[in-house]
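Engineer: Sending over structure-v3.txt (compact mmCIF, C-alpha atoms and all ligand atoms).
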# COMPACT_ATOMS: atom_id res chain seq x y z
CA MET K 1 -9.51 13.67 15.38
CA ASP K 2 -8.09 11.16 12.92
CA PRO K 3 -6.11 12.27 9.84
CA GLU K 4 -9.24 12.93 7.81
CA GLY K 5 -11.16 14.63 10.58
CA VAL K 6 -13.17 11.71 11.98
CA ALA K 7 -13.46 11.75 15.77
CA LEU K 8 -11.40 9.07 17.47
CA PRO K 9 -13.28 6.79 19.85
CA PRO K 10 -11.94 7.92 23.26
CA ARG K 11 -12.20 4.35 24.57
CA LEU K 12 -9.46 3.35 22.16
CA LEU K 13 -6.88 5.91 23.11
CA SER K 14 -5.52 7.26 26.33
CA THR K 15 -3.19 10.11 27.14
CA PRO K 16 0.01 8.88 28.74
CA ARG K 17 1.48 10.32 31.91
CA SER K 18 4.88 8.92 30.95
CA PHE K 19 8.07 10.90 31.16
CA SER K 20 11.40 10.07 29.62
CA SER K 21 14.19 8.76 31.82
CA SER K 22 15.79 12.21 31.77
CA GLY K 23 12.62 13.59 33.32
CA SER K 24 11.60 15.78 30.40
CA LEU K 25 8.23 15.28 28.77
CA TYR K 26 9.10 13.64 25.47
CA PHE K 27 5.71 13.69 23.87
CA ARG K 28 3.01 16.27 24.13
CA GLN K 29 -0.34 15.85 25.83
CA LYS K 30 -1.94 15.54 22.39
CA ASP K 31 0.03 12.38 21.72
CA GLN K 32 -1.55 9.30 23.16
CA VAL K 33 -0.99 5.60 23.65
CA ILE K 34 -3.07 2.66 22.57
CA PRO K 35 -4.52 1.36 25.87
CA ASN K 36 -2.94 -1.77 27.35
CA THR K 37 0.07 -1.34 25.07
CA SER K 38 3.09 0.91 24.98
CA ILE K 39 2.34 1.95 21.38
CA LYS K 40 2.46 5.72 21.17
CA VAL K 41 0.21 7.60 18.80
CA PHE K 42 1.89 10.72 17.43
CA ARG K 43 -0.13 13.38 15.66
CA GLU K 44 2.61 15.97 15.38
CA ILE K 45 6.05 15.98 13.85
CA PRO K 46 8.04 17.61 16.73
CA SER K 47 7.00 15.01 19.31
CA LEU K 48 7.72 12.15 16.92
CA ARG K 49 11.15 13.66 16.19
CA GLN K 50 11.87 13.92 19.90
CA TRP K 51 10.96 10.28 20.36
CA ARG K 52 13.10 9.37 17.34
CA ARG K 53 16.14 11.10 18.82
CA LYS K 54 15.73 8.98 21.92
CA GLN K 55 15.77 5.81 19.79
CA LEU K 56 19.04 6.94 18.23
CA HIS K 57 20.48 7.73 21.63
CA ASP K 58 19.49 4.25 22.88
CA TYR K 59 20.91 2.50 19.75
CA ARG K 60 17.44 1.29 18.77
CA SER K 61 16.95 0.80 15.03
CA VAL K 62 13.72 2.11 13.53
CA GLY K 63 11.70 0.51 10.71
CA LEU K 64 8.87 2.44 9.07
CA VAL K 65 5.76 0.87 7.52
CA PRO K 66 3.82 3.55 5.61
CA THR K 67 0.09 2.82 5.19
CA MET K 68 -3.18 4.54 4.47
CA GLY K 69 -4.94 2.57 7.21
CA ALA K 70 -7.88 0.16 6.69
CA LEU K 71 -5.35 -2.43 7.78
CA HIS K 72 -5.42 -6.02 6.60
CA GLU K 73 -3.10 -9.03 6.67
CA GLY K 74 -0.94 -7.46 3.90
CA HIS K 75 -0.08 -4.56 6.20
CA LEU K 76 0.42 -6.85 9.21
CA SER K 77 2.87 -9.00 7.24
CA LEU K 78 4.98 -5.87 6.59
CA ILE K 79 4.87 -4.92 10.27
CA ARG K 80 5.97 -8.45 11.27
CA LEU K 81 8.84 -8.24 8.80
CA ALA K 82 9.82 -4.82 10.18
CA ALA K 83 9.71 -6.18 13.75
CA GLU K 84 12.05 -9.03 12.75
CA GLU K 85 14.63 -6.56 11.47
CA ASN K 86 14.33 -3.50 13.79
CA SER K 87 14.02 -2.71 17.49
CA SER K 88 11.22 -0.20 17.01
CA VAL K 89 8.55 -0.18 14.31
CA VAL K 90 6.67 2.96 13.33
CA VAL K 91 3.42 2.45 11.40
CA SER K 92 2.18 5.56 9.63
CA ILE K 93 -1.53 5.87 8.94
CA TYR K 94 -2.31 8.74 6.62
CA VAL K 95 -4.70 8.95 3.67
CA ASN K 96 -2.55 11.14 1.45
CA PRO K 97 -4.77 13.42 -0.66
CA THR K 98 -2.14 14.30 -3.25
CA GLN K 99 -1.87 10.77 -4.60
CA PHE K 100 -5.59 10.70 -5.44
CA GLY K 101 -6.66 12.11 -8.79
CA VAL K 102 -9.43 14.72 -8.68
CA HIS K 103 -12.03 12.13 -9.72
CA GLU K 104 -10.71 9.30 -7.55
CA ASP K 105 -12.04 7.91 -4.29
CA LEU K 106 -10.39 10.17 -1.67
CA ALA K 107 -13.75 10.94 -0.02
CA SER K 108 -14.87 7.32 0.24
CA TYR K 109 -11.47 5.69 0.92
CA PRO K 110 -12.12 3.20 3.76
CA LYS K 111 -11.29 4.55 7.21
CA THR K 112 -11.36 1.99 10.01
CA TRP K 113 -9.33 3.66 12.74
CA ALA K 114 -10.89 1.77 15.67
CA LYS K 115 -10.35 -1.60 13.98
CA ASP K 116 -6.81 -0.62 12.92
CA ILE K 117 -5.93 0.18 16.52
CA GLU K 118 -7.32 -3.17 17.68
CA MET K 119 -5.34 -5.01 15.01
CA LEU K 120 -2.15 -3.25 16.07
CA ARG K 121 -2.86 -4.09 19.72
CA ASP K 122 -3.34 -7.78 18.86
CA LEU K 123 -0.21 -7.85 16.74
CA ASP K 124 1.73 -6.16 19.53
CA ARG K 125 0.71 -9.03 21.84
CA GLU K 126 1.69 -11.59 19.22
CA LEU K 127 5.12 -10.01 18.81
CA ALA K 128 5.64 -9.82 22.58
CA ALA K 129 4.86 -13.54 22.89
CA ASP K 130 8.07 -14.48 21.10
CA GLY K 131 10.06 -13.90 24.27
CA GLY K 132 11.76 -10.71 23.18
CA LYS K 133 13.36 -11.89 19.93
CA MET K 134 11.26 -9.51 17.85
CA GLY K 135 11.22 -5.74 17.87
CA LYS K 136 8.01 -4.03 18.86
CA ILE K 137 5.44 -1.73 17.38
CA ALA K 138 6.64 1.41 19.09
CA ALA K 139 4.55 4.12 17.49
CA VAL K 140 1.75 5.02 15.14
CA PHE K 141 2.20 8.26 13.24
CA ALA K 142 -1.24 9.58 12.26
CA PRO K 143 -0.77 13.19 11.20
CA THR K 144 -3.32 15.67 9.95
CA THR K 145 -3.06 17.11 6.46
CA GLU K 146 -2.08 20.48 7.98
CA GLU K 147 0.87 18.75 9.62
CA MET K 148 1.96 16.95 6.45
CA TYR K 149 1.42 19.91 4.11
CA PRO K 150 2.44 22.97 6.19
CA SER K 151 2.17 25.37 3.21
CA GLY K 152 -1.34 24.11 2.46
CA ARG K 153 -2.47 21.05 0.58
CA PRO K 154 -1.08 21.18 -2.97
CA SER K 155 -3.36 20.68 -5.94
CA GLN K 156 -4.49 17.23 -7.05
CA GLU K 157 -4.65 18.50 -10.66
CA VAL K 158 -2.11 17.15 -13.14
CA ASP K 159 -0.65 20.60 -13.80
CA GLY K 160 -1.23 21.81 -10.22
CA LYS K 161 1.45 23.80 -8.43
CA GLY K 162 3.15 22.81 -5.21
CA SER K 163 6.29 21.27 -3.73
CA PHE K 164 6.37 17.85 -5.35
CA VAL K 165 8.80 15.01 -5.80
CA THR K 166 8.54 13.49 -9.28
CA ILE K 167 10.31 10.36 -10.35
CA THR K 168 10.24 10.01 -14.12
CA PRO K 169 10.03 8.20 -16.47
CA VAL K 170 9.38 5.21 -14.20
CA GLY K 171 6.42 6.96 -12.56
CA GLU K 172 4.79 7.85 -15.89
CA VAL K 173 4.06 4.39 -17.27
CA LEU K 174 1.48 1.74 -16.29
CA GLU K 175 -0.14 2.94 -13.01
CA GLY K 176 1.32 6.38 -13.70
CA ALA K 177 -0.32 6.49 -17.14
CA SER K 178 -3.72 5.61 -15.68
CA ARG K 179 -3.26 7.79 -12.58
CA PRO K 180 -1.10 10.74 -13.70
CA THR K 181 -0.72 12.34 -10.25
CA PHE K 182 -0.38 9.10 -8.33
CA PHE K 183 3.37 8.59 -8.10
CA ARG K 184 4.00 12.31 -7.67
CA GLY K 185 1.75 12.15 -4.59
CA VAL K 186 3.29 8.91 -3.32
CA ALA K 187 6.90 10.09 -3.78
CA THR K 188 6.10 13.44 -2.15
CA VAL K 189 4.45 11.94 0.94
CA CYS K 190 7.08 9.21 1.30
CA MET K 191 9.87 11.81 1.10
CA LYS K 192 8.12 13.67 3.93
CA LEU K 193 7.64 10.48 5.99
CA PHE K 194 11.29 9.48 5.48
CA ASN K 195 12.44 12.97 6.53
CA ILE K 196 10.21 12.92 9.60
CA VAL K 197 10.92 9.38 10.83
CA THR K 198 14.47 8.93 9.42
CA PRO K 199 14.05 5.14 9.51
CA GLU K 200 16.94 2.76 8.98
CA LYS K 201 14.59 0.64 6.87
CA VAL K 202 11.26 1.22 5.12
CA TYR K 203 8.77 -1.51 4.22
CA PHE K 204 6.55 -1.69 1.14
CA GLY K 205 4.37 -4.46 -0.30
CA GLN K 206 5.04 -6.16 -3.61
CA LYS K 207 1.31 -5.81 -4.35
CA ASP K 208 2.10 -2.23 -5.42
CA VAL K 209 5.21 -3.27 -7.34
CA GLN K 210 5.66 -0.11 -9.40
CA GLN K 211 5.45 1.90 -6.18
CA THR K 212 8.41 -0.13 -4.83
CA VAL K 213 10.42 0.62 -7.98
CA VAL K 214 9.60 4.35 -7.76
CA ILE K 215 10.53 4.50 -4.05
CA LYS K 216 13.82 2.63 -4.61
CA LYS K 217 14.68 5.09 -7.39
CA MET K 218 13.80 8.05 -5.17
CA VAL K 219 15.97 6.70 -2.31
CA LYS K 220 18.88 6.18 -4.71
CA ASP K 221 18.60 9.46 -6.62
CA PHE K 222 18.05 11.67 -3.55
CA CYS K 223 20.75 9.86 -1.51
CA ILE K 224 18.28 8.99 1.26
CA ASP K 225 19.90 7.02 4.06
CA THR K 226 17.39 4.19 4.33
CA GLN K 227 16.99 0.67 2.99
CA VAL K 228 13.86 -0.26 1.04
CA VAL K 229 12.53 -3.71 1.94
CA VAL K 230 9.77 -5.31 -0.14
CA GLY K 231 7.38 -7.82 1.50
CA GLU K 232 5.54 -10.53 -0.44
CA THR K 233 1.98 -10.00 -1.61
CA GLN K 234 -0.54 -11.52 0.82
CA ARG K 235 -3.52 -13.14 -0.86
CA GLU K 236 -7.03 -14.29 -0.03
CA PHE K 237 -7.77 -18.06 -0.15
CA ASP K 238 -8.57 -17.87 -3.88
CA GLY K 239 -5.53 -15.84 -4.95
CA LEU K 240 -7.00 -12.33 -4.89
CA ALA K 241 -4.34 -9.89 -3.66
CA MET K 242 -5.46 -8.33 -0.39
CA SER K 243 -6.21 -4.64 -0.73
CA SER K 244 -8.04 -2.06 1.35
CA ARG K 245 -10.17 -1.26 -1.69
CA ASN K 246 -11.51 -4.85 -1.95
CA VAL K 247 -14.33 -3.76 0.39
CA TYR K 248 -15.85 -1.84 -2.52
CA LEU K 249 -16.41 -5.07 -4.50
CA GLY K 250 -19.49 -6.69 -2.92
CA THR K 251 -20.34 -10.38 -3.28
CA ARG K 252 -20.96 -10.63 -7.03
CA ARG K 253 -17.82 -8.84 -8.15
CA ARG K 254 -15.71 -10.47 -5.44
CA ARG K 255 -16.40 -13.89 -7.08
CA VAL K 256 -14.95 -12.66 -10.37
CA ALA K 257 -12.15 -10.51 -8.92
CA THR K 258 -9.58 -13.31 -9.28
CA VAL K 259 -9.55 -12.77 -13.05
CA LEU K 260 -6.32 -10.74 -12.90
CA SER K 261 -4.36 -13.17 -10.76
CA LYS K 262 -5.49 -16.04 -13.03
CA VAL K 263 -4.40 -14.20 -16.18
CA LEU K 264 -0.99 -13.35 -14.70
CA ARG K 265 -0.49 -16.97 -13.55
CA VAL K 266 -0.89 -18.18 -17.15
CA ALA K 267 1.98 -15.93 -18.25
CA GLU K 268 4.08 -17.03 -15.27
CA THR K 269 3.50 -20.68 -16.16
CA GLY K 270 4.84 -19.93 -19.66
CA TYR K 271 7.98 -18.40 -18.14
CA LEU K 272 8.52 -21.39 -15.84
CA ARG K 273 8.20 -23.65 -18.91
CA GLY K 274 11.00 -21.77 -20.64
CA TYR K 275 9.15 -19.24 -22.85
CA ARG K 276 10.78 -15.81 -22.94
CA THR K 277 9.20 -13.62 -25.63
CA ARG K 278 6.37 -11.18 -25.04
CA ASP K 279 4.06 -12.97 -27.47
CA GLU K 280 4.72 -16.37 -25.93
CA LEU K 281 4.05 -15.08 -22.42
CA LEU K 282 1.30 -12.49 -22.87
CA GLY K 283 -0.51 -14.19 -25.81
CA PRO K 284 -2.04 -17.00 -23.70
CA ALA K 285 -2.72 -14.55 -20.86
CA GLY K 286 -4.71 -12.33 -23.25
CA GLU K 287 -6.62 -15.37 -24.53
CA LEU K 288 -7.66 -16.30 -21.00
CA ALA K 289 -8.74 -12.72 -20.29
CA LYS K 290 -10.96 -12.78 -23.41
CA LEU K 291 -12.46 -16.12 -22.42
CA LEU K 292 -13.29 -14.95 -18.89
CA LEU K 293 -14.82 -11.75 -20.29
CA MET K 294 -16.96 -13.76 -22.71
CA GLU K 295 -18.11 -16.09 -19.93
CA GLN K 296 -19.46 -13.07 -18.04
CA HIS K 297 -21.10 -11.52 -21.10
CA GLN K 298 -23.06 -14.72 -21.68
CA LEU K 299 -24.68 -14.51 -18.25
CA ARG K 300 -27.90 -12.60 -17.49
CA PRO K 301 -27.44 -8.92 -16.48
CA GLU K 302 -28.51 -9.70 -12.90
CA GLU K 303 -25.76 -12.31 -12.62
CA ARG K 304 -22.88 -11.03 -14.65
CA VAL K 305 -19.91 -8.83 -13.87
CA LYS K 306 -18.39 -6.50 -16.40
CA PHE K 307 -14.72 -5.67 -16.26
CA GLU K 308 -12.17 -3.93 -18.45
CA ILE K 309 -8.52 -4.86 -18.69
CA ASP K 310 -6.54 -1.65 -18.30
CA TYR K 311 -3.17 -3.25 -19.08
CA ILE K 312 -1.20 -6.47 -18.90
CA SER K 313 2.48 -5.66 -18.86
CA LEU K 314 5.79 -7.42 -19.20
CA ALA K 315 8.36 -4.92 -18.01
CA ASP K 316 11.97 -4.40 -17.05
CA PRO K 317 12.26 -4.72 -13.23
CA GLU K 318 14.22 -1.47 -12.80
CA THR K 319 12.64 0.88 -15.32
CA MET K 320 9.15 -0.61 -15.74
CA GLN K 321 9.55 -0.10 -19.52
CA GLU K 322 7.91 -2.79 -21.66
CA VAL K 323 10.22 -5.53 -22.94
CA GLU K 324 9.90 -7.75 -26.04
CA GLU K 325 11.84 -10.56 -24.43
CA VAL K 326 12.79 -11.38 -20.84
CA ASP K 327 16.50 -10.91 -20.14
CA GLU K 328 17.29 -14.05 -18.14
CA THR K 329 19.88 -12.23 -16.03
CA LYS K 330 17.35 -9.59 -14.91
CA GLY K 331 14.00 -11.34 -14.97
CA ALA K 332 10.93 -9.17 -15.47
CA ILE K 333 7.78 -7.90 -13.84
CA LEU K 334 4.44 -9.19 -15.05
CA SER K 335 1.73 -6.83 -13.90
CA GLY K 336 -1.80 -5.83 -14.69
CA ALA K 337 -4.76 -3.67 -13.79
CA VAL K 338 -8.44 -4.44 -14.19
CA LYS K 339 -11.41 -2.16 -13.72
CA MET K 340 -14.44 -3.91 -12.23
CA LEU K 341 -17.52 -1.98 -13.34
CA PRO K 342 -20.53 -1.42 -11.07
CA VAL K 343 -22.94 -4.38 -11.21
CA GLU K 344 -25.91 -4.26 -13.58
CA SER K 345 -29.44 -4.92 -12.38
CA PRO K 346 -28.69 -5.03 -8.64
CA GLN K 347 -30.98 -7.50 -6.88
CA PRO K 348 -32.99 -6.63 -3.75
CA GLY K 349 -30.76 -7.09 -0.71
CA GLU K 350 -27.70 -7.74 -2.83
CA ASP K 351 -24.39 -6.82 -1.15
CA LEU K 352 -22.97 -4.31 -3.62
CA GLY K 353 -19.89 -3.49 -1.56
CA SER K 354 -19.05 -0.43 0.47
CA SER K 355 -19.95 3.06 -0.83
CA GLY K 356 -22.62 1.52 -3.10
CA GLY K 357 -20.18 -0.54 -5.17
CA PRO K 358 -18.32 2.06 -7.28
CA PRO K 359 -15.97 1.04 -10.13
CA VAL K 360 -12.96 -0.70 -8.55
CA ARG K 361 -9.49 -0.77 -10.04
CA LEU K 362 -7.58 -3.91 -9.02
CA ILE K 363 -3.85 -4.33 -9.54
CA ASP K 364 -1.62 -7.35 -9.20
CA ASN K 365 1.77 -8.62 -10.34
CA ILE K 366 4.19 -11.51 -10.38
CA ILE K 367 7.96 -11.16 -10.38
CA LEU K 368 9.66 -13.39 -12.95
CA LYS K 369 12.95 -14.12 -11.26
CA PRO K 370 16.27 -14.14 -13.14
CA VAL K 371 17.35 -17.66 -14.11
CA ARG K 372 20.97 -16.87 -15.02
CA LEU K 373 23.66 -14.72 -13.39
N1 LIG X 401 -1.80 -7.78 -0.19
C1 LIG X 401 -0.74 -7.13 0.24
N2 LIG X 401 0.40 -7.80 0.54
C2 LIG X 401 1.51 -7.14 0.96
N3 LIG X 401 1.58 -5.81 1.11
C3 LIG X 401 0.47 -5.10 0.83
C4 LIG X 401 -0.74 -5.72 0.38
N4 LIG X 401 -1.67 -4.76 0.19
C5 LIG X 401 -1.08 -3.59 0.50
N5 LIG X 401 0.20 -3.80 0.88
C6 LIG X 401 1.19 -2.77 1.19
O1 LIG X 401 0.81 -2.05 2.33
C7 LIG X 401 1.32 -0.72 2.22
C8 LIG X 401 0.21 0.23 2.48
O2 LIG X 401 -0.76 0.08 1.45
P1 LIG X 401 -2.20 0.72 1.48
O3 LIG X 401 -2.45 1.26 2.83
O4 LIG X 401 -2.39 1.58 0.30
O5 LIG X 401 -3.11 -0.57 1.35
P2 LIG X 401 -3.71 -1.19 0.07
O6 LIG X 401 -4.41 -2.42 0.46
O7 LIG X 401 -2.62 -1.28 -0.96
O8 LIG X 401 -4.76 -0.13 -0.33
P3 LIG X 401 -5.36 0.19 -1.73
O9 LIG X 401 -6.55 -0.66 -1.84
O10 LIG X 401 -5.61 1.63 -1.56
O11 LIG X 401 -4.32 -0.05 -2.78
C9 LIG X 401 1.90 -0.59 0.80
O12 LIG X 401 3.29 -0.77 0.86
C10 LIG X 401 1.25 -1.72 0.10
O13 LIG X 401 1.99 -2.21 -1.00
C1 LIG X 402 2.99 4.30 0.45
C2 LIG X 402 1.65 4.99 0.75
C3 LIG X 402 1.31 4.78 2.23
C4 LIG X 402 1.85 6.49 0.55
O1 LIG X 402 0.69 7.18 0.86
C5 LIG X 402 0.54 4.48 -0.14
O2 LIG X 402 0.79 4.75 -1.48
C6 LIG X 402 0.25 3.03 0.06
O3 LIG X 402 -0.41 2.78 1.08
O4 LIG X 402 0.66 2.15 -0.70
N1 LIG X 403 -1.61 1.08 -2.22
C1 LIG X 403 -1.66 2.12 -3.20
C2 LIG X 403 -2.35 3.34 -2.73
C3 LIG X 403 -3.29 3.90 -3.71
O1 LIG X 403 -3.76 3.17 -4.61
O2 LIG X 403 -3.63 5.08 -3.62
Is it possible to express this structure as structure tokens?

Structural biologist:
Amino acid sequence: MDPEGVALPPRLLSTPRSFSSSGSLYFRQKDQVIPNTSIKVFREIPSLRQWRRKQLHDYRSVGLVPTMGALHEGHLSLIRLAAEENSSVVVSIYVNPTQFGVHEDLASYPKTWAKDIEMLRDLDRELAADGGKMGKIAAVFAPTTEEMYPSGRPSQEVDGKGSFVTITPVGEVLEGASRPTFFRGVATVCMKLFNIVTPEKVYFGQKDVQQTVVIKKMVKDFCIDTQVVVGETQREFDGLAMSSRNVYLGTRRRRVATVLSKVLRVAETGYLRGYRTRDELLGPAGELAKLLLMEQHQLRPEERVKFEIDYISLADPETMQEVEEVDETKGAILSGAVKMLPVESPQPGEDLGSSGGPPVRLIDNIILKPVRL
């Protein structure tokens, strides 16, 4: 069974007969390998830990790439980066319930296990083709919720009880304000993953920039012995940040989904031209957002796309608190979130996106780099 209880296609997994060099069985029968690769699939913590001890014994460094599956090029870019810097890469695939609010899309979150496994197999071949310079994808960790939450799954409610890691105030603003249990869930599951895998390095995407700030703070404040590496945001041909949730968009909303990246680019252009104040940078960005909204409103209901800007932020790169002016020695983070509303007057045969085209929250950001020491 996969982490959320969907049966795994048997064709895509096989149970290994391998034994460690010392002769002892170092993973249980339940743990499998991806056929035609040496990538192990661990479901349980003890067998992963046993494998991890062997890596330590053999002086093999371990890099961890945490994901929720539904893999795309953004995830693969993190795995490539991890393989450049470590001997063994562990990819975790786990749709973590506690980071979803009670009314969010936990039930419909895309699950593409068979395709994920194929993508990892292809990437494994690509990495092997470099003649041994790169590390390899050594393992997939795909636990059940019982394994990850041994005392039972804690509440998804804001005031729910449970063993949680909370990182405040950085986790309370922006994404944390719109999704009040989100960073609590992310920090909690990442703490567990870091404790289970004990990786030398962990890899996160800039697409979820506030998540990277929260995780760095958690690693620092809890004295976790790992290094947080942030990989660049991978984009579609038209600038849309890749995201597993893009499959919800459908054709009509997909055409308009670049609105956020366009709005953020306007602010970035201001920064590159030498503007530094909030008004100078976010003013023109807000104007463009209004214009793009108006353009859609003028279309017929069967053509248009409605969206709401949740926030456009100019924030300090370490605290995520809003700034009035960019400190040139620190730079800043420009970020935003947009809610794409379900399409009006769907047309016969129109591709509405997966799960019937629910509201989709898109996030994106640009890092304004420091220009002075
Ligand atoms: N476009 C991207 N470029 C680089 N990294 C990415 C990109 N999209 C996701 N990641 C990173 O991959 C890791 C796993 O993310 P996740 O599995 O939630 O995928 P996602 O596409 O962000 O999904 P969602 O649509 O739920 O936000 C995170 O560190 C995330 O920042
Ligand atoms: C880091 C993460 C895998 C934790 O569930 C998730 O928040 C994500 O995919 O970005
Ligand atoms: N990549 C962030 C995971 C989430 O939105 O739940």

Engineer: Find the residues of chain K that sit at most 9 Å from ligand LIG 402 (chain X); for each, write down the nearest two atoms and how far apart they are in Å, to one decimal. Count only C-alpha atoms and all ligand atoms. Sort by chain, then by number going up, and give it as a Markdown table.

Structural biologist:
| residue | atom | partner | partner_atom | distance |
| --- | --- | --- | --- | --- |
| K:Val65 | CA | X:LIG402 | C3 | 7.9 |
| K:Pro66 | CA | X:LIG402 | C3 | 4.4 |
| K:Thr67 | CA | X:LIG402 | C3 | 3.8 |
| K:Met68 | CA | X:LIG402 | O3 | 4.7 |
| K:Gly69 | CA | X:LIG402 | O3 | 7.6 |
| K:His75 | CA | X:LIG402 | O3 | 9.0 |
| K:Ser92 | CA | X:LIG402 | C3 | 7.5 |
| K:Ile93 | CA | X:LIG402 | C3 | 7.4 |
| K:Tyr94 | CA | X:LIG402 | O1 | 6.7 |
| K:Val95 | CA | X:LIG402 | O1 | 6.3 |
| K:Asn96 | CA | X:LIG402 | O1 | 5.2 |
| K:Pro97 | CA | X:LIG402 | O1 | 8.4 |
| K:Thr98 | CA | X:LIG402 | O1 | 8.7 |
| K:Gln99 | CA | X:LIG402 | O1 | 7.0 |
| K:Phe182 | CA | X:LIG402 | O2 | 8.2 |
| K:Phe183 | CA | X:LIG402 | O2 | 8.1 |
| K:Gly185 | CA | X:LIG402 | O1 | 7.5 |
| K:Val186 | CA | X:LIG402 | C4 | 4.8 |
| K:Ala187 | CA | X:LIG402 | C4 | 7.6 |
| K:Thr188 | CA | X:LIG402 | C4 | 8.6 |
| K:Val189 | CA | X:LIG402 | C4 | 6.1 |
| K:Cys190 | CA | X:LIG402 | C4 | 5.9 |
| K:Leu193 | CA | X:LIG402 | C4 | 8.9 |
| K:Phe204 | CA | X:LIG402 | C1 | 7.0 |
| K:Gly205 | CA | X:LIG402 | O4 | 7.6 |
| K:Lys207 | CA | X:LIG402 | O4 | 8.8 |
| K:Asp208 | CA | X:LIG402 | O4 | 6.6 |
| K:Gln211 | CA | X:LIG402 | O2 | 7.2 |
| K:Thr212 | CA | X:LIG402 | C1 | 8.8 |
| K:Ile215 | CA | X:LIG402 | C1 | 8.8 |

Engineer: Given all atoms listed in the file as the basis, pick out the residue of K:Val165, K:Met320, K:Leu291, K:Val209 nearest to ligand LIG 403 (chain X).

Structural biologist: K:Val209

Engineer: Using all atoms listed in the file, which residue out of K:Lys161, K:Arg245, K:Lys201, K:Arg276 lies closest to ligand LIG 401 (chain X)?

Structural biologist: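 Selected residue with least distance to ligand LIG 401 (chain X): K:Arg245.
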
Engineer: Considering all atoms listed in the file, can you say which of K:Leu76, K:Val89, K:Ile117, K:Val326 comes closest to ligand LIG 401 (chain X)?

Structural biologist: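 Once distances to ligand LIG 401 (chain X) are computed over all atoms listed in the file, the minimum belongs to K:Leu76.
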
Engineer: For a cutoff of 12 Å around the file-coordinate point (1.1, -13.9, -13.7), which residues qualify once you count all atoms listed in the file? I'd like the result as a ChimeraX atom specification.

Structural biologist: /K:239,258-272,281-282,284-286,288-289,312-314,332-337,363-368

Engineer: At a cut-off of 7 Å, using only C-alpha atoms, what residues contact range 36-43 of chain K? Leave out same-chain residues fewer than 6 positions from it and give the result as a PyMOL selection string.

Structural biologist: chain K and resi 121+137-144

Engineer: Enter the distance from CA of Pro169 in chain K to CA of Gln321 in chain K, in Å, rounded to one decimal.

Structural biologist: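 Separation of CA of Pro169 in chain K and CA of Gln321 in chain K: 8.9 Å.
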